[in-house]
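Listing of upload-v2.pdb; format and content: PDB, C-alpha atoms and all ligand atoms.
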MODEL        1
ATOM      1  CA  MET H  22     153.684  57.553 140.160
ATOM      2  CA  ALA H  23     156.882  59.587 139.837
ATOM      3  CA  THR H  24     156.739  63.145 141.078
ATOM      4  CA  LEU H  25     159.327  65.892 140.722
ATOM      5  CA  GLU H  26     158.986  68.504 143.427
ATOM      6  CA  ILE H  27     160.884  71.764 143.122
ATOM      7  CA  ARG H  28     160.613  73.928 146.227
ATOM      8  CA  ASP H  29     161.887  77.489 146.615
ATOM      9  CA  LEU H  30     164.878  76.764 144.370
ATOM     10  CA  HIS H  31     167.589  79.400 144.339
ATOM     11  CA  VAL H  32     170.499  79.098 141.897
ATOM     12  CA  SER H  33     173.501  81.318 141.217
ATOM     13  CA  VAL H  34     176.165  81.406 138.536
ATOM     14  CA  GLU H  35     179.715  82.596 138.953
ATOM     15  CA  ALA H  36     179.861  85.775 136.884
ATOM     16  CA  GLU H  37     182.977  87.922 136.386
ATOM     17  CA  ASN H  38     182.029  90.255 139.202
ATOM     18  CA  GLY H  39     181.055  87.500 141.630
ATOM     19  CA  PRO H  40     178.087  85.178 142.037
ATOM     20  CA  ARG H  41     174.839  86.252 140.425
ATOM     21  CA  GLU H  42     171.489  84.883 141.529
ATOM     22  CA  ILE H  43     169.465  83.691 138.536
ATOM     23  CA  LEU H  44     166.743  81.507 140.064
ATOM     24  CA  ARG H  45     164.913  83.255 142.864
ATOM     25  CA  GLY H  46     162.571  80.778 144.449
ATOM     26  CA  VAL H  47     161.159  78.375 141.853
ATOM     27  CA  ASP H  48     158.200  76.263 142.995
ATOM     28  CA  LEU H  49     156.908  73.578 140.662
ATOM     29  CA  THR H  50     155.541  70.049 140.913
ATOM     30  CA  VAL H  51     155.575  67.802 137.845
ATOM     31  CA  LYS H  52     153.905  64.397 137.990
ATOM     32  CA  GLN H  53     154.344  61.491 135.625
ATOM     33  CA  GLY H  54     151.815  61.832 132.817
ATOM     34  CA  GLU H  55     151.556  65.620 133.077
ATOM     35  CA  THR H  56     152.827  68.201 130.615
ATOM     36  CA  HIS H  57     153.876  71.625 131.848
ATOM     37  CA  ALA H  58     154.790  74.399 129.434
ATOM     38  CA  ILE H  59     157.140  77.087 130.707
ATOM     39  CA  MET H  60     157.090  80.379 128.842
ATOM     40  CA  GLY H  61     158.903  83.570 129.667
ATOM     41  CA  PRO H  62     161.096  86.355 128.377
ATOM     42  CA  ASN H  63     164.694  85.862 127.239
ATOM     43  CA  GLY H  64     167.104  85.761 130.126
ATOM     44  CA  SER H  65     164.467  84.993 132.755
ATOM     45  CA  GLY H  66     166.241  81.779 133.807
ATOM     46  CA  LYS H  67     164.381  78.993 132.019
ATOM     47  CA  SER H  68     167.528  77.266 130.730
ATOM     48  CA  THR H  69     169.169  77.809 134.102
ATOM     49  CA  LEU H  70     166.309  75.860 135.674
ATOM     50  CA  ALA H  71     166.717  73.092 133.081
ATOM     51  CA  TYR H  72     170.486  72.850 133.602
ATOM     52  CA  SER H  73     170.174  73.008 137.380
ATOM     53  CA  LEU H  74     167.764  70.058 137.378
ATOM     54  CA  ALA H  75     170.147  68.064 135.190
ATOM     55  CA  GLY H  76     173.096  68.903 137.439
ATOM     56  CA  HIS H  77     175.254  71.150 135.273
ATOM     57  CA  PRO H  78     178.326  72.063 137.367
ATOM     58  CA  LYS H  79     178.234  75.749 136.370
ATOM     59  CA  TYR H  80     175.132  76.358 138.459
ATOM     60  CA  THR H  81     175.261  76.512 142.241
ATOM     61  CA  VAL H  82     172.137  75.761 144.219
ATOM     62  CA  THR H  83     172.046  78.213 147.107
ATOM     63  CA  GLY H  84     168.663  77.278 148.540
ATOM     64  CA  GLY H  85     165.558  75.158 148.226
ATOM     65  CA  SER H  86     165.069  71.529 147.296
ATOM     66  CA  VAL H  87     164.387  69.199 144.378
ATOM     67  CA  LEU H  88     162.899  65.805 145.144
ATOM     68  CA  LEU H  89     162.115  62.968 142.739
ATOM     69  CA  ASP H  90     159.822  60.503 144.500
ATOM     70  CA  GLY H  91     161.127  61.871 147.758
ATOM     71  CA  GLU H  92     164.784  61.324 146.787
ATOM     72  CA  ASP H  93     167.062  64.351 146.945
ATOM     73  CA  VAL H  94     167.999  65.100 143.329
ATOM     74  CA  LEU H  95     170.442  67.839 144.322
ATOM     75  CA  GLU H  96     172.584  65.261 146.133
ATOM     76  CA  MET H  97     172.865  63.153 142.978
ATOM     77  CA  SER H  98     175.636  63.313 140.365
ATOM     78  CA  VAL H  99     174.685  63.990 136.746
ATOM     79  CA  ASP H 100     174.808  60.237 136.033
ATOM     80  CA  GLU H 101     172.686  59.388 139.037
ATOM     81  CA  ARG H 102     170.075  61.910 137.938
ATOM     82  CA  ALA H 103     169.930  60.332 134.485
ATOM     83  CA  ARG H 104     169.601  56.895 136.047
ATOM     84  CA  ALA H 105     166.854  58.168 138.347
ATOM     85  CA  GLY H 106     164.972  59.169 135.200
ATOM     86  CA  VAL H 107     165.720  62.858 134.653
ATOM     87  CA  PHE H 108     166.325  63.744 131.006
ATOM     88  CA  LEU H 109     167.354  67.090 129.521
ATOM     89  CA  ALA H 110     167.119  68.052 125.864
ATOM     90  CA  MET H 111     169.332  71.124 125.699
ATOM     91  CA  GLN H 112     168.478  74.400 123.988
ATOM     92  CA  TYR H 113     171.918  74.329 122.368
ATOM     93  CA  PRO H 114     173.016  70.693 122.062
ATOM     94  CA  VAL H 115     176.783  70.262 122.180
ATOM     95  CA  GLU H 116     179.059  68.458 119.733
ATOM     96  CA  VAL H 117     180.763  65.293 120.907
ATOM     97  CA  PRO H 118     183.669  64.863 118.498
ATOM     98  CA  GLY H 119     184.861  61.339 117.878
ATOM     99  CA  VAL H 120     181.711  59.695 119.279
ATOM    100  CA  SER H 121     179.147  58.321 116.865
ATOM    101  CA  VAL H 122     175.438  58.762 117.485
ATOM    102  CA  SER H 123     175.066  55.007 117.684
ATOM    103  CA  ASN H 124     177.790  54.599 120.345
ATOM    104  CA  PHE H 125     176.607  57.631 122.247
ATOM    105  CA  LEU H 126     173.052  56.316 122.442
ATOM    106  CA  ARG H 127     174.145  52.851 123.493
ATOM    107  CA  THR H 128     176.377  54.248 126.236
ATOM    108  CA  ALA H 129     173.540  56.464 127.459
ATOM    109  CA  ALA H 130     171.056  53.584 127.384
ATOM    110  CA  THR H 131     173.514  51.360 129.270
ATOM    111  CA  ALA H 132     173.967  54.014 131.948
ATOM    112  CA  VAL H 133     170.241  54.602 132.340
ATOM    113  CA  ARG H 134     169.104  50.967 132.151
ATOM    114  CA  GLY H 135     171.924  49.652 134.290
ATOM    115  CA  GLU H 136     172.973  47.066 131.683
ATOM    116  CA  ALA H 137     174.027  47.170 128.061
ATOM    117  CA  PRO H 138     171.103  46.561 125.720
ATOM    118  CA  LYS H 139     171.486  43.380 123.659
ATOM    119  CA  LEU H 140     173.172  44.477 120.473
ATOM    120  CA  ARG H 141     170.787  43.035 117.931
ATOM    121  CA  LEU H 142     167.673  44.273 119.709
ATOM    122  CA  TRP H 143     169.316  47.607 120.242
ATOM    123  CA  VAL H 144     170.160  48.113 116.580
ATOM    124  CA  LYS H 145     166.535  47.397 115.742
ATOM    125  CA  GLU H 146     165.266  49.744 118.428
ATOM    126  CA  VAL H 147     167.476  52.596 117.193
ATOM    127  CA  LYS H 148     166.527  51.966 113.573
ATOM    128  CA  GLU H 149     162.829  52.104 114.369
ATOM    129  CA  ALA H 150     163.140  55.227 116.482
ATOM    130  CA  MET H 151     165.165  56.940 113.751
ATOM    131  CA  ALA H 152     162.652  55.930 111.103
ATOM    132  CA  SER H 153     159.752  57.311 113.115
ATOM    133  CA  LEU H 154     161.618  60.620 113.405
ATOM    134  CA  GLN H 155     162.355  60.445 109.684
ATOM    135  CA  MET H 156     166.091  60.566 110.311
ATOM    136  CA  ASP H 157     168.462  59.282 107.676
ATOM    137  CA  PRO H 158     169.999  56.020 109.030
ATOM    138  CA  ALA H 159     173.413  57.423 108.026
ATOM    139  CA  PHE H 160     173.181  59.686 111.084
ATOM    140  CA  ALA H 161     173.850  56.705 113.330
ATOM    141  CA  GLU H 162     177.479  56.698 112.160
ATOM    142  CA  ARG H 163     178.049  60.436 112.306
ATOM    143  CA  ASN H 164     179.672  62.107 115.292
ATOM    144  CA  VAL H 165     177.174  63.516 117.776
ATOM    145  CA  ASN H 166     175.958  66.915 116.602
ATOM    146  CA  GLU H 167     179.105  67.526 114.514
ATOM    147  CA  GLY H 168     177.954  69.545 111.536
ATOM    148  CA  PHE H 169     174.312  68.774 112.340
ATOM    149  CA  SER H 170     171.893  71.481 111.275
ATOM    150  CA  GLY H 171     169.826  73.109 114.017
ATOM    151  CA  GLY H 172     166.835  70.938 113.211
ATOM    152  CA  GLU H 173     168.933  67.757 113.027
ATOM    153  CA  LYS H 174     170.291  68.437 116.510
ATOM    154  CA  LYS H 175     166.757  68.766 117.860
ATOM    155  CA  ARG H 176     165.684  65.505 116.250
ATOM    156  CA  HIS H 177     168.685  63.809 117.798
ATOM    157  CA  GLU H 178     167.547  65.070 121.223
ATOM    158  CA  ILE H 179     164.110  63.538 120.673
ATOM    159  CA  LEU H 180     165.724  60.313 119.466
ATOM    160  CA  GLN H 181     167.449  60.133 122.854
ATOM    161  CA  LEU H 182     164.163  60.885 124.594
ATOM    162  CA  GLU H 183     162.412  58.039 122.778
ATOM    163  CA  LEU H 184     165.168  55.554 123.542
ATOM    164  CA  LEU H 185     165.897  56.503 127.149
ATOM    165  CA  LYS H 186     162.285  56.694 128.335
ATOM    166  CA  PRO H 187     162.836  59.000 131.302
ATOM    167  CA  LYS H 188     160.395  59.714 134.104
ATOM    168  CA  ILE H 189     160.870  63.455 133.809
ATOM    169  CA  ALA H 190     161.714  65.011 130.433
ATOM    170  CA  ILE H 191     162.921  68.601 130.334
ATOM    171  CA  LEU H 192     162.758  69.913 126.789
ATOM    172  CA  ASP H 193     164.437  73.296 126.453
ATOM    173  CA  GLU H 194     163.207  74.971 123.276
ATOM    174  CA  THR H 195     163.125  71.737 121.353
ATOM    175  CA  ASP H 196     160.813  73.511 118.905
ATOM    176  CA  SER H 197     163.048  76.446 118.047
ATOM    177  CA  GLY H 198     164.574  76.472 114.603
ATOM    178  CA  LEU H 199     162.396  73.684 113.248
ATOM    179  CA  ASP H 200     160.663  73.930 109.890
ATOM    180  CA  VAL H 201     156.936  73.130 109.862
ATOM    181  CA  ASP H 202     157.396  69.479 108.917
ATOM    182  CA  ALA H 203     160.177  68.922 111.452
ATOM    183  CA  LEU H 204     158.053  70.573 114.143
ATOM    184  CA  ARG H 205     155.278  68.086 113.457
ATOM    185  CA  ILE H 206     157.657  65.099 113.376
ATOM    186  CA  VAL H 207     159.403  66.141 116.580
ATOM    187  CA  SER H 208     156.049  66.848 118.270
ATOM    188  CA  GLU H 209     154.786  63.416 117.243
ATOM    189  CA  GLY H 210     157.904  61.911 118.798
ATOM    190  CA  ILE H 211     157.282  63.760 122.051
ATOM    191  CA  ASN H 212     153.628  62.708 121.957
ATOM    192  CA  ARG H 213     154.576  59.045 121.453
ATOM    193  CA  VAL H 214     156.624  59.245 124.631
ATOM    194  CA  ARG H 215     153.866  61.154 126.459
ATOM    195  CA  SER H 216     151.190  58.699 125.374
ATOM    196  CA  THR H 217     152.768  56.019 127.552
ATOM    197  CA  GLY H 218     151.583  58.143 130.485
ATOM    198  CA  GLU H 219     154.914  57.379 132.129
ATOM    199  CA  VAL H 220     156.728  60.628 131.601
ATOM    200  CA  GLY H 221     156.250  64.037 133.148
ATOM    201  CA  THR H 222     157.182  66.704 130.624
ATOM    202  CA  LEU H 223     158.571  70.173 131.205
ATOM    203  CA  LEU H 224     158.411  71.981 127.907
ATOM    204  CA  VAL H 225     160.232  75.303 127.677
ATOM    205  CA  THR H 226     159.032  77.244 124.660
ATOM    206  CA  HIS H 227     158.558  80.708 123.234
ATOM    207  CA  TYR H 228     155.882  79.756 120.754
ATOM    208  CA  THR H 229     152.309  78.525 120.912
ATOM    209  CA  ARG H 230     152.967  76.716 117.605
ATOM    210  CA  ILE H 231     154.228  73.590 119.347
ATOM    211  CA  LEU H 232     151.357  73.740 121.835
ATOM    212  CA  ARG H 233     148.965  73.070 118.963
ATOM    213  CA  TYR H 234     150.530  69.617 118.732
ATOM    214  CA  ILE H 235     151.372  69.103 122.365
ATOM    215  CA  LYS H 236     148.532  70.100 124.652
ATOM    216  CA  PRO H 237     149.930  71.207 127.994
ATOM    217  CA  ASP H 238     148.024  70.504 131.187
ATOM    218  CA  TYR H 239     149.561  73.604 132.736
ATOM    219  CA  VAL H 240     151.241  76.734 131.450
ATOM    220  CA  HIS H 241     153.599  78.686 133.691
ATOM    221  CA  VAL H 242     154.921  82.179 133.195
ATOM    222  CA  PHE H 243     158.584  82.412 134.130
ATOM    223  CA  ALA H 244     159.937  85.896 134.873
ATOM    224  CA  GLY H 245     162.764  87.213 136.978
ATOM    225  CA  GLY H 246     163.959  83.757 137.982
ATOM    226  CA  ARG H 247     160.703  82.264 139.180
ATOM    227  CA  ILE H 248     157.191  81.242 138.216
ATOM    228  CA  VAL H 249     154.951  84.280 138.496
ATOM    229  CA  GLU H 250     151.708  82.850 137.171
ATOM    230  CA  SER H 251     150.257  79.443 136.351
ATOM    231  CA  GLY H 252     147.188  78.470 134.400
ATOM    232  CA  GLY H 253     145.835  76.101 131.789
ATOM    233  CA  ALA H 254     146.508  75.957 128.058
ATOM    234  CA  GLU H 255     144.567  79.203 127.541
ATOM    235  CA  LEU H 256     147.295  81.138 129.365
ATOM    236  CA  ALA H 257     149.638  80.512 126.408
ATOM    237  CA  ASP H 258     147.255  82.297 124.052
ATOM    238  CA  LYS H 259     147.011  85.233 126.411
ATOM    239  CA  LEU H 260     150.820  85.459 126.525
ATOM    240  CA  GLU H 261     151.048  85.366 122.756
ATOM    241  CA  GLU H 262     148.580  88.270 122.548
ATOM    242  CA  GLU H 263     149.810  90.398 125.402
ATOM    243  CA  GLY H 264     153.477  89.522 125.832
ATOM    244  CA  TYR H 265     155.262  89.557 129.173
ATOM    245  CA  GLU H 266     155.290  93.259 129.918
ATOM    246  CA  SER H 267     152.814  93.069 132.764
ATOM    247  CA  TYR H 268     154.981  90.418 134.464
ATOM    248  CA  VAL H 269     158.329  92.091 133.960
ATOM    249  CA  LYS H 270     157.230  95.579 134.967
ATOM    250  CA  GLY H 271     157.766  96.398 138.576
ATOM    251  CA  GLY H 272     161.310  95.087 138.548
ATOM    252  CA  ALA H 273     160.625  91.362 138.804
ATOM    253  CA  SER H 274     163.397  90.699 136.265
ATOM    254  CA  GLU H 275     166.615  92.564 136.927
TER     255      GLU H 275
HETATM  256  N1  LIG H 301     177.807  81.815 133.296
HETATM  257  C1  LIG H 301     177.045  82.902 133.384
HETATM  258  N2  LIG H 301     177.570  84.094 133.723
HETATM  259  C2  LIG H 301     176.794  85.201 133.821
HETATM  260  N3  LIG H 301     175.485  85.205 133.586
HETATM  261  C3  LIG H 301     174.901  84.038 133.239
HETATM  262  C4  LIG H 301     175.639  82.833 133.118
HETATM  263  N4  LIG H 301     174.785  81.843 132.769
HETATM  264  C5  LIG H 301     173.562  82.418 132.672
HETATM  265  N5  LIG H 301     173.638  83.732 132.948
HETATM  266  C6  LIG H 301     172.551  84.720 132.909
HETATM  267  O1  LIG H 301     171.420  84.175 133.521
HETATM  268  C7  LIG H 301     170.236  84.729 132.931
HETATM  269  C8  LIG H 301     169.293  83.602 132.592
HETATM  270  O2  LIG H 301     169.787  82.869 131.489
HETATM  271  P1  LIG H 301     168.976  81.630 130.869
HETATM  272  O3  LIG H 301     169.778  81.070 129.779
HETATM  273  O4  LIG H 301     168.575  80.731 131.978
HETATM  274  O5  LIG H 301     167.677  82.380 130.297
HETATM  275  P2  LIG H 301     166.483  81.805 129.434
HETATM  276  O6  LIG H 301     165.226  82.150 130.175
HETATM  277  O7  LIG H 301     166.709  80.395 129.085
HETATM  278  O8  LIG H 301     166.545  82.728 128.125
HETATM  279  P3  LIG H 301     166.247  82.384 126.570
HETATM  280  O9  LIG H 301     164.746  82.511 126.434
HETATM  281  O10 LIG H 301     166.926  83.490 125.834
HETATM  282  O11 LIG H 301     166.773  81.031 126.257
HETATM  283  C9  LIG H 301     170.720  85.537 131.736
HETATM  284  O12 LIG H 301     170.711  86.897 132.067
HETATM  285  C10 LIG H 301     172.129  85.036 131.508
HETATM  286  O13 LIG H 301     172.950  86.013 130.931
HETATM  287 MG    MG H 302     167.007  79.369 127.364
ENDMDL
END
The structure given in the file should be rewritten as structure tokens.
Ligand SMILES: Nc1ncnc2c1ncn2[C@@H]1O[C@H](COP(=O)(O)OP(=O)(O)OP(=O)(O)O)[C@@H](O)[C@H]1O
Ligand SMILES: [Mg+2]
Amino acid sequence: MATLEIRDLHVSVEAENGPREILRGVDLTVKQGETHAIMGPNGSGKSTLAYSLAGHPKYTVTGGSVLLDGEDVLEMSVDERARAGVFLAMQYPVEVPGVSVSNFLRTAATAVRGEAPKLRLWVKEVKEAMASLQMDPAFAERNVNEGFSGGEKKRHEILQLELLKPKIAILDETDSGLDVDALRIVSEGINRVRSTGEVGTLLVTHYTRILRYIKPDYVHVFAGGRIVESGGAELADKLEEEGYESYVKGGASE
């Protein structure tokens, strides 16, 4: 069973006035089949954690370790991480001008699977995945995220998730900006992938809305660049009621 182990992770970004430490000792273990929700105030470092795990070059790891099945993830290139089974759905998906969704997905699948999927099977696979996410087939020929609405971008992220079948899926605010129907459709997509029992999910969210569809095994409070409390699904309700003040007070954040 695949296990992602994050130990005492410290990450800095290069700010104008020098390096700034954002992650200050993150400890988290995610196993295949588990779902972990991460909730926390704006600016606490949740996206930084997501990007650091995916290998974004802007973030410098200054301490700690990340192991996937004992393999050092931090030593891997972005491509190697994807091939090892780490997937990131970004909070703000980027446009890829001149590359169609269909080509993008096939290239990604080829990289992850190690060989190009057979064209005819692939076309069918994409069609089915798009249909289950209620995406207009015309999207396959549009350029990635170019002119996509917020909700369309999020669906496209989940389309990738369904097709790439990672071991560890990091979903950074995949629920934000979705209308009620889209939230349900996207959640169903995530649940289809989860139901295989083969993916460990790290779900960054601000809202308990999505947790009505996707029951987390664990909820973690993220504040000041690290996890300050962990609990079960009930912790999300407490956060919704009480907010994060008790965690941020005392200077944990800045
Ligand atoms: N390149 C950068 N230069 C300076 N500061 C940065 C840079 N990148 C991130 N930060 C800072 O790091 C902190 C954490 O940002 P991050 O995006 O990880 O927060 P977040 O928890 O995802 O917040 P949100 O809930 O608003 O998405 C913020 O204060 C942000 O301004
Ligand atoms: Mg964020």
One-decimal distance in Å that lies between CA of Asp258 (chain H) and CA of Thr50 (chain H):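 Spanning CA of Thr50 (chain H) to CA of Asp258 (chain H) is a straight-line distance of 22.4 Å.
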Could you tell me, counting only C-alpha atoms and all ligand atoms, which protein and nucleic acid residues lie no more than 10 Å from ligand LIG 301 (chain H), written as a PyMOL selection string? chain H and resi 32-44+59-73+79-80+112-113+193-194+225-227+243-246+274-275
Evaluate the PyMOL selection byres (((chain H and resi 108-110) around 12) and not hetatm) and report residues as a count of residues only: 57
If I take CA of Thr131 (chain H) and CA of Pro118 (chain H), how far is one from the other in Å, to one decimal? 20.0 Å
Might I get the box with edges along x, y and z of the file that holds all atoms of region 124-135 of chain H listed there, padded by 8 Å on every side, given as centre and edge lengths in Å to one decimal, as AutoDock Vina command-line options?
--center_x 173.4 --center_y 53.6 --center_z 127.3 --size_x 24.7 --size_y 24.0 --size_z 29.9
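Using all atoms listed in the file, the shortest contact distance between Ile235 (chain H) and any of H:Met22, H:Val214, H:Leu30, H:Ile248 is found at H:Val214.
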Just want the 8 Å neighbourhood of Leu49 (chain H), counted on only C-alpha atoms, with same-chain residues fewer than 5 positions away dropped. Output as a compact mmCIF listing (two decimals) with C-alpha atoms, in the frame of the given file.
# COMPACT_ATOMS: atom_id res chain seq x y z
CA GLU H 26 158.99 68.50 143.43
CA ILE H 27 160.88 71.76 143.12
CA ARG H 28 160.61 73.93 146.23
Quick one: residues within 12 Å of (164.3, 67.9, 151.9) (file frame), counting all atoms listed in the file, please, as an MDAnalysis selection string. chainID H and resid 26:30 84:96
Skip Asp200 (chain H) itself and residues of its chain fewer than 2 positions away, then list as an MDAnalysis selection string all residues within 12 Å of it, counting all atoms listed in the file. chainID H and resid 170:173 175:176 195:198 202:208 230:231
